[in-house]
Amino acid sequence: MAQSTYDLIVIGEGVSGLACAGHARRAGLRVATFEANLFGGLVINVNELDGYPGAESGTLLASELMQANSDAGVASIQEEVTAISTAGATFEVAAAGRYGARQVVIASGARLRKLGVPGEDQYEGRGVSHCADCDAPLFQNEDVVVVGGGDSALQEALVLAKFCRKVHIVHRGDRFRARQHFVDRVAAEPKIATIRNATVEAILGGKMVERVRLKRNGNTEEFAAAGVFAYIGLEPNAGCAPSGIRRDERGHLVTNNALETPVAGVWAIGAVRAGYSGLLRDAVAEAQRVADAVRDRLD
């Protein structure tokens, strides 16, 4: 039996989830958000938000959304959602307890994809990091490796270059996927070197990371590095979604143009959704669209 029942349950307290919950609450709905980890999602690791005017940092943006939701009366429940099932005309959301909802929005976001190489898990927190904004000062005057070729990889390399002696960007292709202004900034930074057509084979060291083994053009080589930062894409946090919702080839939830899944009354927004642009302004726009649609559905 459900402990509490809400008009809307939003799963995830990243930017899209917080924005959706706040918009729905201000429209008069009874709303709860669920989060297993720290609110804010991956955006809290970003100090400089590109293309999102008015936000000084990811942490500040998430904090402002969280505070606004608290002031509006959104219930924040710090539990991991493990399943969503139908219960008559409503839904049952299973976490540490069981909760009822008339509509559900899955905004559970995504996590950084791992390299999957020897040493990665062993040296987590001992040279392997996922946040240059957080950890760059720890690598003052050291050599580090950034793996990837998209916006995030190049942004993090630029942050690291403020502190490190040398930043090596290891990219499996011969040209970056990042937007041109990031490519230009990296090219103009003398502390950054690019190793193209290469992959990381292993992370090596003693108590801390000391070396990285690469495979490049069929040859294996090692060079010294005190830190490894991998930005090779994201994996959606879609494990709680009902099996009736189709996934794309990468596991993202497939919706219609209105952002509703094939399970009527269950919606998906943000990084967990197939077709999401990756831009914060689009995450907020999706959140508001779905909050309005849920309000209209429940009127």
# chains A, B, ... in the order shown; residues from 1 in each chain; ligands from 1
call {"tool": "select_by_dssp", "arguments": {"residues": "region 135-251 of chain A", "states": "alpha helix (DSSP H)", "output": "PyMOL selection string"}}
result
chain A and resi 135+151-161+180-187
call {"tool": "closest_residue", "arguments": {"among": "A:Gly109, A:Ala224, A:Glu56, A:Ala96", "to": "Phe39 (chain A)", "atoms": "only C-alpha atoms"}}
result
A:Gly109
call {"tool": "atom_distance", "arguments": {"atom1": "CA of Gly275 (chain A)", "atom2": "CA of Val170 (chain A)"}}
result
26.9 Å
call {"tool": "closest_residue", "arguments": {"among": "A:Val31, A:Ala153, A:Val254, A:Ile44", "to": "Ala101 (chain A)", "atoms": "only C-alpha atoms"}}
result
A:Val31
call {"tool": "select_by_dssp", "arguments": {"residues": "region 113-271 of chain A", "states": "strand (DSSP E or B)", "output": "PDB file with N, CA, C and O atoms, in the first residue's frame"}}
result
ATOM      1  N   GLU A 124      40.359   4.648  -8.751  1.00  0.00           N
ATOM      2  CA  GLU A 124      39.295   5.626  -8.525  1.00  0.00           C
ATOM      3  C   GLU A 124      39.598   6.424  -7.252  1.00  0.00           C
ATOM      4  O   GLU A 124      39.814   5.878  -6.182  1.00  0.00           O
ATOM      5  N   VAL A 128      42.339   8.632 -10.768  1.00  0.00           N
ATOM      6  CA  VAL A 128      41.219   8.562 -11.704  1.00  0.00           C
ATOM      7  C   VAL A 128      40.101   9.451 -11.162  1.00  0.00           C
ATOM      8  O   VAL A 128      39.640   9.274 -10.035  1.00  0.00           O
ATOM      9  N   SER A 129      39.691  10.430 -11.952  1.00  0.00           N
ATOM     10  CA  SER A 129      38.696  11.403 -11.519  1.00  0.00           C
ATOM     11  C   SER A 129      37.675  11.622 -12.624  1.00  0.00           C
ATOM     12  O   SER A 129      37.924  11.309 -13.793  1.00  0.00           O
ATOM     13  N   ASP A 143      51.457  16.030 -14.962  1.00  0.00           N
ATOM     14  CA  ASP A 143      50.959  15.664 -16.290  1.00  0.00           C
ATOM     15  C   ASP A 143      49.705  14.805 -16.116  1.00  0.00           C
ATOM     16  O   ASP A 143      49.694  13.892 -15.277  1.00  0.00           O
ATOM     17  N   VAL A 144      48.668  15.092 -16.882  1.00  0.00           N
ATOM     18  CA  VAL A 144      47.433  14.324 -16.786  1.00  0.00           C
ATOM     19  C   VAL A 144      46.934  13.964 -18.176  1.00  0.00           C
ATOM     20  O   VAL A 144      47.374  14.537 -19.183  1.00  0.00           O
ATOM     21  N   VAL A 145      45.986  13.017 -18.200  1.00  0.00           N
ATOM     22  CA  VAL A 145      45.374  12.562 -19.445  1.00  0.00           C
ATOM     23  C   VAL A 145      43.871  12.822 -19.390  1.00  0.00           C
ATOM     24  O   VAL A 145      43.218  12.527 -18.377  1.00  0.00           O
ATOM     25  N   VAL A 146      43.343  13.380 -20.459  1.00  0.00           N
ATOM     26  CA  VAL A 146      41.898  13.504 -20.648  1.00  0.00           C
ATOM     27  C   VAL A 146      41.542  12.630 -21.835  1.00  0.00           C
ATOM     28  O   VAL A 146      42.164  12.728 -22.902  1.00  0.00           O
ATOM     29  N   VAL A 147      40.546  11.767 -21.677  1.00  0.00           N
ATOM     30  CA  VAL A 147      40.149  10.855 -22.748  1.00  0.00           C
ATOM     31  C   VAL A 147      38.809  11.318 -23.319  1.00  0.00           C
ATOM     32  O   VAL A 147      37.833  11.465 -22.575  1.00  0.00           O
ATOM     33  N   LYS A 166      51.159  19.633 -18.029  1.00  0.00           N
ATOM     34  CA  LYS A 166      50.790  19.220 -19.380  1.00  0.00           C
ATOM     35  C   LYS A 166      49.506  18.409 -19.342  1.00  0.00           C
ATOM     36  O   LYS A 166      49.321  17.566 -18.461  1.00  0.00           O
ATOM     37  N   VAL A 167      48.626  18.671 -20.284  1.00  0.00           N
ATOM     38  CA  VAL A 167      47.371  17.938 -20.417  1.00  0.00           C
ATOM     39  C   VAL A 167      47.376  17.243 -21.774  1.00  0.00           C
ATOM     40  O   VAL A 167      47.459  17.901 -22.821  1.00  0.00           O
ATOM     41  N   HIS A 168      47.324  15.912 -21.760  1.00  0.00           N
ATOM     42  CA  HIS A 168      47.283  15.137 -22.994  1.00  0.00           C
ATOM     43  C   HIS A 168      45.838  14.712 -23.258  1.00  0.00           C
ATOM     44  O   HIS A 168      45.247  13.995 -22.448  1.00  0.00           O
ATOM     45  N   ILE A 169      45.273  15.148 -24.370  1.00  0.00           N
ATOM     46  CA  ILE A 169      43.948  14.688 -24.765  1.00  0.00           C
ATOM     47  C   ILE A 169      44.120  13.468 -25.656  1.00  0.00           C
ATOM     48  O   ILE A 169      44.729  13.554 -26.733  1.00  0.00           O
ATOM     49  N   VAL A 170      43.611  12.334 -25.213  1.00  0.00           N
ATOM     50  CA  VAL A 170      43.674  11.096 -25.985  1.00  0.00           C
ATOM     51  C   VAL A 170      42.328  10.901 -26.667  1.00  0.00           C
ATOM     52  O   VAL A 170      41.287  10.785 -26.005  1.00  0.00           O
ATOM     53  N   ILE A 192      48.259  22.083 -23.664  1.00  0.00           N
ATOM     54  CA  ILE A 192      47.456  20.943 -24.102  1.00  0.00           C
ATOM     55  C   ILE A 192      48.053  20.334 -25.361  1.00  0.00           C
ATOM     56  O   ILE A 192      48.337  21.039 -26.334  1.00  0.00           O
ATOM     57  N   ALA A 193      48.244  19.023 -25.337  1.00  0.00           N
ATOM     58  CA  ALA A 193      48.695  18.270 -26.511  1.00  0.00           C
ATOM     59  C   ALA A 193      47.655  17.213 -26.841  1.00  0.00           C
ATOM     60  O   ALA A 193      47.031  16.642 -25.935  1.00  0.00           O
ATOM     61  N   THR A 194      47.462  16.947 -28.114  1.00  0.00           N
ATOM     62  CA  THR A 194      46.463  15.974 -28.543  1.00  0.00           C
ATOM     63  C   THR A 194      47.132  14.730 -29.109  1.00  0.00           C
ATOM     64  O   THR A 194      48.038  14.830 -29.948  1.00  0.00           O
ATOM     65  N   ILE A 195      46.686  13.579 -28.634  1.00  0.00           N
ATOM     66  CA  ILE A 195      47.142  12.293 -29.157  1.00  0.00           C
ATOM     67  C   ILE A 195      45.961  11.673 -29.885  1.00  0.00           C
ATOM     68  O   ILE A 195      44.996  11.222 -29.267  1.00  0.00           O
ATOM     69  N   ALA A 198      44.088   7.070 -30.919  1.00  0.00           N
ATOM     70  CA  ALA A 198      44.664   6.310 -29.813  1.00  0.00           C
ATOM     71  C   ALA A 198      43.582   5.971 -28.799  1.00  0.00           C
ATOM     72  O   ALA A 198      42.577   6.683 -28.663  1.00  0.00           O
ATOM     73  N   THR A 199      43.798   4.876 -28.082  1.00  0.00           N
ATOM     74  CA  THR A 199      42.902   4.465 -27.002  1.00  0.00           C
ATOM     75  C   THR A 199      43.717   4.114 -25.776  1.00  0.00           C
ATOM     76  O   THR A 199      44.874   3.694 -25.878  1.00  0.00           O
ATOM     77  N   VAL A 200      43.121   4.291 -24.601  1.00  0.00           N
ATOM     78  CA  VAL A 200      43.765   3.900 -23.356  1.00  0.00           C
ATOM     79  C   VAL A 200      43.579   2.404 -23.160  1.00  0.00           C
ATOM     80  O   VAL A 200      42.456   1.893 -23.210  1.00  0.00           O
ATOM     81  N   GLU A 201      44.676   1.704 -22.942  1.00  0.00           N
ATOM     82  CA  GLU A 201      44.650   0.257 -22.736  1.00  0.00           C
ATOM     83  C   GLU A 201      44.676  -0.119 -21.254  1.00  0.00           C
ATOM     84  O   GLU A 201      44.116  -1.135 -20.857  1.00  0.00           O
ATOM     85  N   ALA A 202      45.337   0.690 -20.422  1.00  0.00           N
ATOM     86  CA  ALA A 202      45.431   0.393 -18.990  1.00  0.00           C
ATOM     87  C   ALA A 202      45.908   1.626 -18.252  1.00  0.00           C
ATOM     88  O   ALA A 202      46.583   2.499 -18.813  1.00  0.00           O
ATOM     89  N   ILE A 203      45.540   1.686 -16.978  1.00  0.00           N
ATOM     90  CA  ILE A 203      46.000   2.733 -16.067  1.00  0.00           C
ATOM     91  C   ILE A 203      46.881   2.053 -15.029  1.00  0.00           C
ATOM     92  O   ILE A 203      46.454   1.090 -14.377  1.00  0.00           O
ATOM     93  N   LEU A 204      48.106   2.540 -14.862  1.00  0.00           N
ATOM     94  CA  LEU A 204      49.105   1.838 -14.075  1.00  0.00           C
ATOM     95  C   LEU A 204      49.662   2.738 -12.974  1.00  0.00           C
ATOM     96  O   LEU A 204      49.619   3.962 -13.069  1.00  0.00           O
ATOM     97  N   GLY A 205      50.197   2.095 -11.927  1.00  0.00           N
ATOM     98  CA  GLY A 205      50.825   2.868 -10.877  1.00  0.00           C
ATOM     99  C   GLY A 205      51.122   2.042  -9.651  1.00  0.00           C
ATOM    100  O   GLY A 205      51.102   0.798  -9.692  1.00  0.00           O
ATOM    101  N   VAL A 209      48.023   6.754  -9.402  1.00  0.00           N
ATOM    102  CA  VAL A 209      48.268   6.628 -10.840  1.00  0.00           C
ATOM    103  C   VAL A 209      49.644   7.202 -11.165  1.00  0.00           C
ATOM    104  O   VAL A 209      50.012   8.293 -10.713  1.00  0.00           O
ATOM    105  N   GLU A 210      50.404   6.449 -11.962  1.00  0.00           N
ATOM    106  CA  GLU A 210      51.737   6.887 -12.374  1.00  0.00           C
ATOM    107  C   GLU A 210      51.926   6.888 -13.884  1.00  0.00           C
ATOM    108  O   GLU A 210      52.683   7.698 -14.413  1.00  0.00           O
ATOM    109  N   ARG A 211      51.231   5.972 -14.579  1.00  0.00           N
ATOM    110  CA  ARG A 211      51.431   5.838 -16.017  1.00  0.00           C
ATOM    111  C   ARG A 211      50.122   5.453 -16.699  1.00  0.00           C
ATOM    112  O   ARG A 211      49.213   4.904 -16.082  1.00  0.00           O
ATOM    113  N   VAL A 212      50.098   5.700 -17.984  1.00  0.00           N
ATOM    114  CA  VAL A 212      48.965   5.299 -18.825  1.00  0.00           C
ATOM    115  C   VAL A 212      49.525   4.537 -20.028  1.00  0.00           C
ATOM    116  O   VAL A 212      50.510   4.968 -20.634  1.00  0.00           O
ATOM    117  N   ARG A 213      48.922   3.394 -20.316  1.00  0.00           N
ATOM    118  CA  ARG A 213      49.319   2.616 -21.493  1.00  0.00           C
ATOM    119  C   ARG A 213      48.337   2.908 -22.624  1.00  0.00           C
ATOM    120  O   ARG A 213      47.114   2.773 -22.452  1.00  0.00           O
ATOM    121  N   LEU A 214      48.864   3.295 -23.766  1.00  0.00           N
ATOM    122  CA  LEU A 214      48.049   3.626 -24.928  1.00  0.00           C
ATOM    123  C   LEU A 214      48.297   2.655 -26.065  1.00  0.00           C
ATOM    124  O   LEU A 214      49.380   2.073 -26.173  1.00  0.00           O
ATOM    125  N   LYS A 215      47.290   2.527 -26.903  1.00  0.00           N
ATOM    126  CA  LYS A 215      47.463   1.839 -28.179  1.00  0.00           C
ATOM    127  C   LYS A 215      47.205   2.853 -29.272  1.00  0.00           C
ATOM    128  O   LYS A 215      46.133   3.467 -29.342  1.00  0.00           O
ATOM    129  N   ARG A 216      48.236   3.052 -30.127  1.00  0.00           N
ATOM    130  CA  ARG A 216      48.125   4.060 -31.181  1.00  0.00           C
ATOM    131  C   ARG A 216      48.698   3.505 -32.466  1.00  0.00           C
ATOM    132  O   ARG A 216      49.843   3.057 -32.507  1.00  0.00           O
ATOM    133  N   ASN A 219      50.416   0.226 -32.300  1.00  0.00           N
ATOM    134  CA  ASN A 219      51.546   0.100 -31.383  1.00  0.00           C
ATOM    135  C   ASN A 219      51.131   0.456 -29.958  1.00  0.00           C
ATOM    136  O   ASN A 219      50.258   1.307 -29.744  1.00  0.00           O
ATOM    137  N   THR A 220      51.771  -0.189 -28.986  1.00  0.00           N
ATOM    138  CA  THR A 220      51.507   0.088 -27.574  1.00  0.00           C
ATOM    139  C   THR A 220      52.636   0.923 -27.000  1.00  0.00           C
ATOM    140  O   THR A 220      53.817   0.673 -27.277  1.00  0.00           O
ATOM    141  N   GLU A 221      52.272   1.931 -26.214  1.00  0.00           N
ATOM    142  CA  GLU A 221      53.271   2.779 -25.584  1.00  0.00           C
ATOM    143  C   GLU A 221      52.773   3.229 -24.217  1.00  0.00           C
ATOM    144  O   GLU A 221      51.574   3.226 -23.940  1.00  0.00           O
ATOM    145  N   GLU A 222      53.686   3.589 -23.348  1.00  0.00           N
ATOM    146  CA  GLU A 222      53.345   4.089 -22.022  1.00  0.00           C
ATOM    147  C   GLU A 222      53.989   5.454 -21.821  1.00  0.00           C
ATOM    148  O   GLU A 222      55.063   5.724 -22.341  1.00  0.00           O
ATOM    149  N   PHE A 223      53.283   6.315 -21.075  1.00  0.00           N
ATOM    150  CA  PHE A 223      53.923   7.553 -20.670  1.00  0.00           C
ATOM    151  C   PHE A 223      53.401   7.970 -19.304  1.00  0.00           C
ATOM    152  O   PHE A 223      52.338   7.536 -18.849  1.00  0.00           O
ATOM    153  N   ALA A 224      54.173   8.830 -18.641  1.00  0.00           N
ATOM    154  CA  ALA A 224      53.885   9.211 -17.265  1.00  0.00           C
ATOM    155  C   ALA A 224      52.652  10.112 -17.198  1.00  0.00           C
ATOM    156  O   ALA A 224      52.466  11.003 -18.031  1.00  0.00           O
ATOM    157  N   GLY A 227      47.176  11.702 -13.427  1.00  0.00           N
ATOM    158  CA  GLY A 227      45.715  11.687 -13.373  1.00  0.00           C
ATOM    159  C   GLY A 227      45.109  11.299 -14.703  1.00  0.00           C
ATOM    160  O   GLY A 227      45.703  11.530 -15.763  1.00  0.00           O
ATOM    161  N   VAL A 228      43.916  10.694 -14.640  1.00  0.00           N
ATOM    162  CA  VAL A 228      43.174  10.295 -15.839  1.00  0.00           C
ATOM    163  C   VAL A 228      41.728  10.751 -15.677  1.00  0.00           C
ATOM    164  O   VAL A 228      41.070  10.431 -14.679  1.00  0.00           O
ATOM    165  N   PHE A 229      41.243  11.496 -16.662  1.00  0.00           N
ATOM    166  CA  PHE A 229      39.878  12.022 -16.664  1.00  0.00           C
ATOM    167  C   PHE A 229      39.202  11.539 -17.947  1.00  0.00           C
ATOM    168  O   PHE A 229      39.629  11.897 -19.044  1.00  0.00           O
ATOM    169  N   ALA A 230      38.167  10.709 -17.821  1.00  0.00           N
ATOM    170  CA  ALA A 230      37.501  10.132 -18.995  1.00  0.00           C
ATOM    171  C   ALA A 230      36.171  10.823 -19.257  1.00  0.00           C
ATOM    172  O   ALA A 230      35.317  10.905 -18.363  1.00  0.00           O
ATOM    173  N   LEU A 234      27.950   9.300 -22.215  1.00  0.00           N
ATOM    174  CA  LEU A 234      27.090   9.040 -21.066  1.00  0.00           C
ATOM    175  C   LEU A 234      26.291   7.760 -21.254  1.00  0.00           C
ATOM    176  O   LEU A 234      26.015   7.343 -22.374  1.00  0.00           O
ATOM    177  N   GLU A 235      25.914   7.163 -20.124  1.00  0.00           N
ATOM    178  CA  GLU A 235      24.999   6.020 -20.118  1.00  0.00           C
ATOM    179  C   GLU A 235      23.746   6.420 -19.350  1.00  0.00           C
ATOM    180  O   GLU A 235      23.840   6.939 -18.235  1.00  0.00           O
ATOM    181  N   PRO A 236      22.563   6.212 -19.918  1.00  0.00           N
ATOM    182  CA  PRO A 236      21.339   6.657 -19.247  1.00  0.00           C
ATOM    183  C   PRO A 236      21.039   5.840 -17.991  1.00  0.00           C
ATOM    184  O   PRO A 236      21.296   4.634 -17.939  1.00  0.00           O
ATOM    185  N   ARG A 247      13.750   1.102 -25.509  1.00  0.00           N
ATOM    186  CA  ARG A 247      15.041   1.774 -25.416  1.00  0.00           C
ATOM    187  C   ARG A 247      15.669   1.839 -26.798  1.00  0.00           C
ATOM    188  O   ARG A 247      15.431   0.973 -27.634  1.00  0.00           O
ATOM    189  N   LEU A 253      15.509   6.058 -23.175  1.00  0.00           N
ATOM    190  CA  LEU A 253      14.073   5.810 -23.275  1.00  0.00           C
ATOM    191  C   LEU A 253      13.492   6.532 -24.489  1.00  0.00           C
ATOM    192  O   LEU A 253      13.779   7.704 -24.727  1.00  0.00           O
ATOM    193  N   GLU A 260       6.080  11.725 -24.105  1.00  0.00           N
ATOM    194  CA  GLU A 260       5.412  10.670 -23.341  1.00  0.00           C
ATOM    195  C   GLU A 260       5.867   9.314 -23.868  1.00  0.00           C
ATOM    196  O   GLU A 260       6.028   9.119 -25.077  1.00  0.00           O
ATOM    197  N   VAL A 266       3.425   8.042 -18.233  1.00  0.00           N
ATOM    198  CA  VAL A 266       4.851   8.029 -17.870  1.00  0.00           C
ATOM    199  C   VAL A 266       5.602   8.795 -18.949  1.00  0.00           C
ATOM    200  O   VAL A 266       5.529   8.455 -20.131  1.00  0.00           O
ATOM    201  N   TRP A 267       6.339   9.824 -18.533  1.00  0.00           N
ATOM    202  CA  TRP A 267       7.043  10.719 -19.435  1.00  0.00           C
ATOM    203  C   TRP A 267       8.549  10.599 -19.193  1.00  0.00           C
ATOM    204  O   TRP A 267       8.974  10.160 -18.133  1.00  0.00           O
ATOM    205  N   ALA A 268       9.349  11.009 -20.157  1.00  0.00           N
ATOM    206  CA  ALA A 268      10.802  10.994 -19.989  1.00  0.00           C
ATOM    207  C   ALA A 268      11.380  12.287 -20.551  1.00  0.00           C
ATOM    208  O   ALA A 268      11.008  12.718 -21.649  1.00  0.00           O
TER     209      ALA A 268
END
call {"tool": "residues_around", "arguments": {"residues": "Arg98 (chain A)", "least_positions_apart": "2", "cutoff": "9 Å", "atoms": "only C-alpha atoms", "output": "PyMOL selection string"}}
result
chain A and resi 1-4+92-96+100
call {"tool": "write_last_selection", "arguments": {"atoms": "N, CA, C and O atoms", "output": "PDB file, in the first residue's frame"}}
result
ATOM      1  N   MET A   1       0.852  -1.197   0.000  1.00  0.00           N
ATOM      2  CA  MET A   1       0.000   0.000   0.000  1.00  0.00           C
ATOM      3  C   MET A   1       0.886   1.246   0.000  1.00  0.00           C
ATOM      4  O   MET A   1       1.889   1.310   0.706  1.00  0.00           O
ATOM      5  N   ALA A   2       0.521   2.238  -0.790  1.00  0.00           N
ATOM      6  CA  ALA A   2       1.327   3.436  -0.920  1.00  0.00           C
ATOM      7  C   ALA A   2       1.363   4.226   0.380  1.00  0.00           C
ATOM      8  O   ALA A   2       0.340   4.400   1.050  1.00  0.00           O
ATOM      9  N   GLN A   3       2.567   4.717   0.723  1.00  0.00           N
ATOM     10  CA  GLN A   3       2.711   5.561   1.903  1.00  0.00           C
ATOM     11  C   GLN A   3       2.075   6.925   1.674  1.00  0.00           C
ATOM     12  O   GLN A   3       1.461   7.492   2.573  1.00  0.00           O
ATOM     13  N   SER A   4       2.297   7.488   0.492  1.00  0.00           N
ATOM     14  CA  SER A   4       1.746   8.790   0.117  1.00  0.00           C
ATOM     15  C   SER A   4       1.411   8.757  -1.362  1.00  0.00           C
ATOM     16  O   SER A   4       2.018   8.002  -2.126  1.00  0.00           O
ATOM     17  N   GLU A  92       2.376   2.941  -9.084  1.00  0.00           N
ATOM     18  CA  GLU A  92       3.075   2.721  -7.827  1.00  0.00           C
ATOM     19  C   GLU A  92       4.568   2.832  -8.090  1.00  0.00           C
ATOM     20  O   GLU A  92       5.105   2.170  -8.981  1.00  0.00           O
ATOM     21  N   VAL A  93       5.230   3.696  -7.331  1.00  0.00           N
ATOM     22  CA  VAL A  93       6.669   3.912  -7.437  1.00  0.00           C
ATOM     23  C   VAL A  93       7.321   3.249  -6.238  1.00  0.00           C
ATOM     24  O   VAL A  93       7.047   3.598  -5.089  1.00  0.00           O
ATOM     25  N   ALA A  94       8.168   2.262  -6.516  1.00  0.00           N
ATOM     26  CA  ALA A  94       8.822   1.502  -5.461  1.00  0.00           C
ATOM     27  C   ALA A  94      10.205   2.076  -5.189  1.00  0.00           C
ATOM     28  O   ALA A  94      11.029   2.206  -6.101  1.00  0.00           O
ATOM     29  N   ALA A  95      10.448   2.436  -3.943  1.00  0.00           N
ATOM     30  CA  ALA A  95      11.759   2.890  -3.488  1.00  0.00           C
ATOM     31  C   ALA A  95      11.995   2.208  -2.146  1.00  0.00           C
ATOM     32  O   ALA A  95      11.691   1.027  -2.004  1.00  0.00           O
ATOM     33  N   ALA A  96      12.529   2.915  -1.159  1.00  0.00           N
ATOM     34  CA  ALA A  96      12.610   2.332   0.180  1.00  0.00           C
ATOM     35  C   ALA A  96      11.209   2.075   0.708  1.00  0.00           C
ATOM     36  O   ALA A  96      10.963   1.130   1.453  1.00  0.00           O
ATOM     37  N   GLY A 100       2.356   6.414  -4.384  1.00  0.00           N
ATOM     38  CA  GLY A 100       1.413   6.477  -5.483  1.00  0.00           C
ATOM     39  C   GLY A 100       1.549   7.769  -6.263  1.00  0.00           C
ATOM     40  O   GLY A 100       1.946   8.810  -5.720  1.00  0.00           O
TER      41      GLY A 100
END
call {"tool": "atom_distance", "arguments": {"atom1": "CA of Asp135 (chain A)", "atom2": "CA of Glu156 (chain A)"}}
result
10.6 Å
call {"tool": "residues_around", "arguments": {"residues": "Val294 (chain A)", "least_positions_apart": "2", "cutoff": "10 Å", "atoms": "only C-alpha atoms", "output": "PyMOL selection string"}}
result
chain A and resi 7-8+24+27+29+102-105+260+265-267+288-292+296-299
call {"tool": "atom_distance", "arguments": {"atom1": "CA of Ala225 (chain A)", "atom2": "CA of Val43 (chain A)"}}
result
26.5 Å
call {"tool": "closest_residue", "arguments": {"among": "A:Cys134, A:Ile77, A:Leu61, A:Leu18", "to": "Glu35 (chain A)", "atoms": "only C-alpha atoms"}}
result
A:Ile77
call {"tool": "residues_around", "arguments": {"residues": "Arg196 (chain A)", "least_positions_apart": "2", "cutoff": "6 Å", "atoms": "only C-alpha atoms", "output": "PyMOL selection string"}}
result
chain A and resi 171-174+198
call {"tool": "residues_around", "arguments": {"residues": "Asp133 (chain A)", "least_positions_apart": "4", "cutoff": "12 Å", "atoms": "only C-alpha atoms", "output": "number ranges by chain"}}
result
A: 42-49, 57-59, 129, 137-139, 152, 155-163, 229
call {"tool": "closest_residue", "arguments": {"among": "A:Val74, A:Val272, A:Ala238, A:Val186", "to": "Ala21 (chain A)", "atoms": "only C-alpha atoms"}}
result
A:Val74
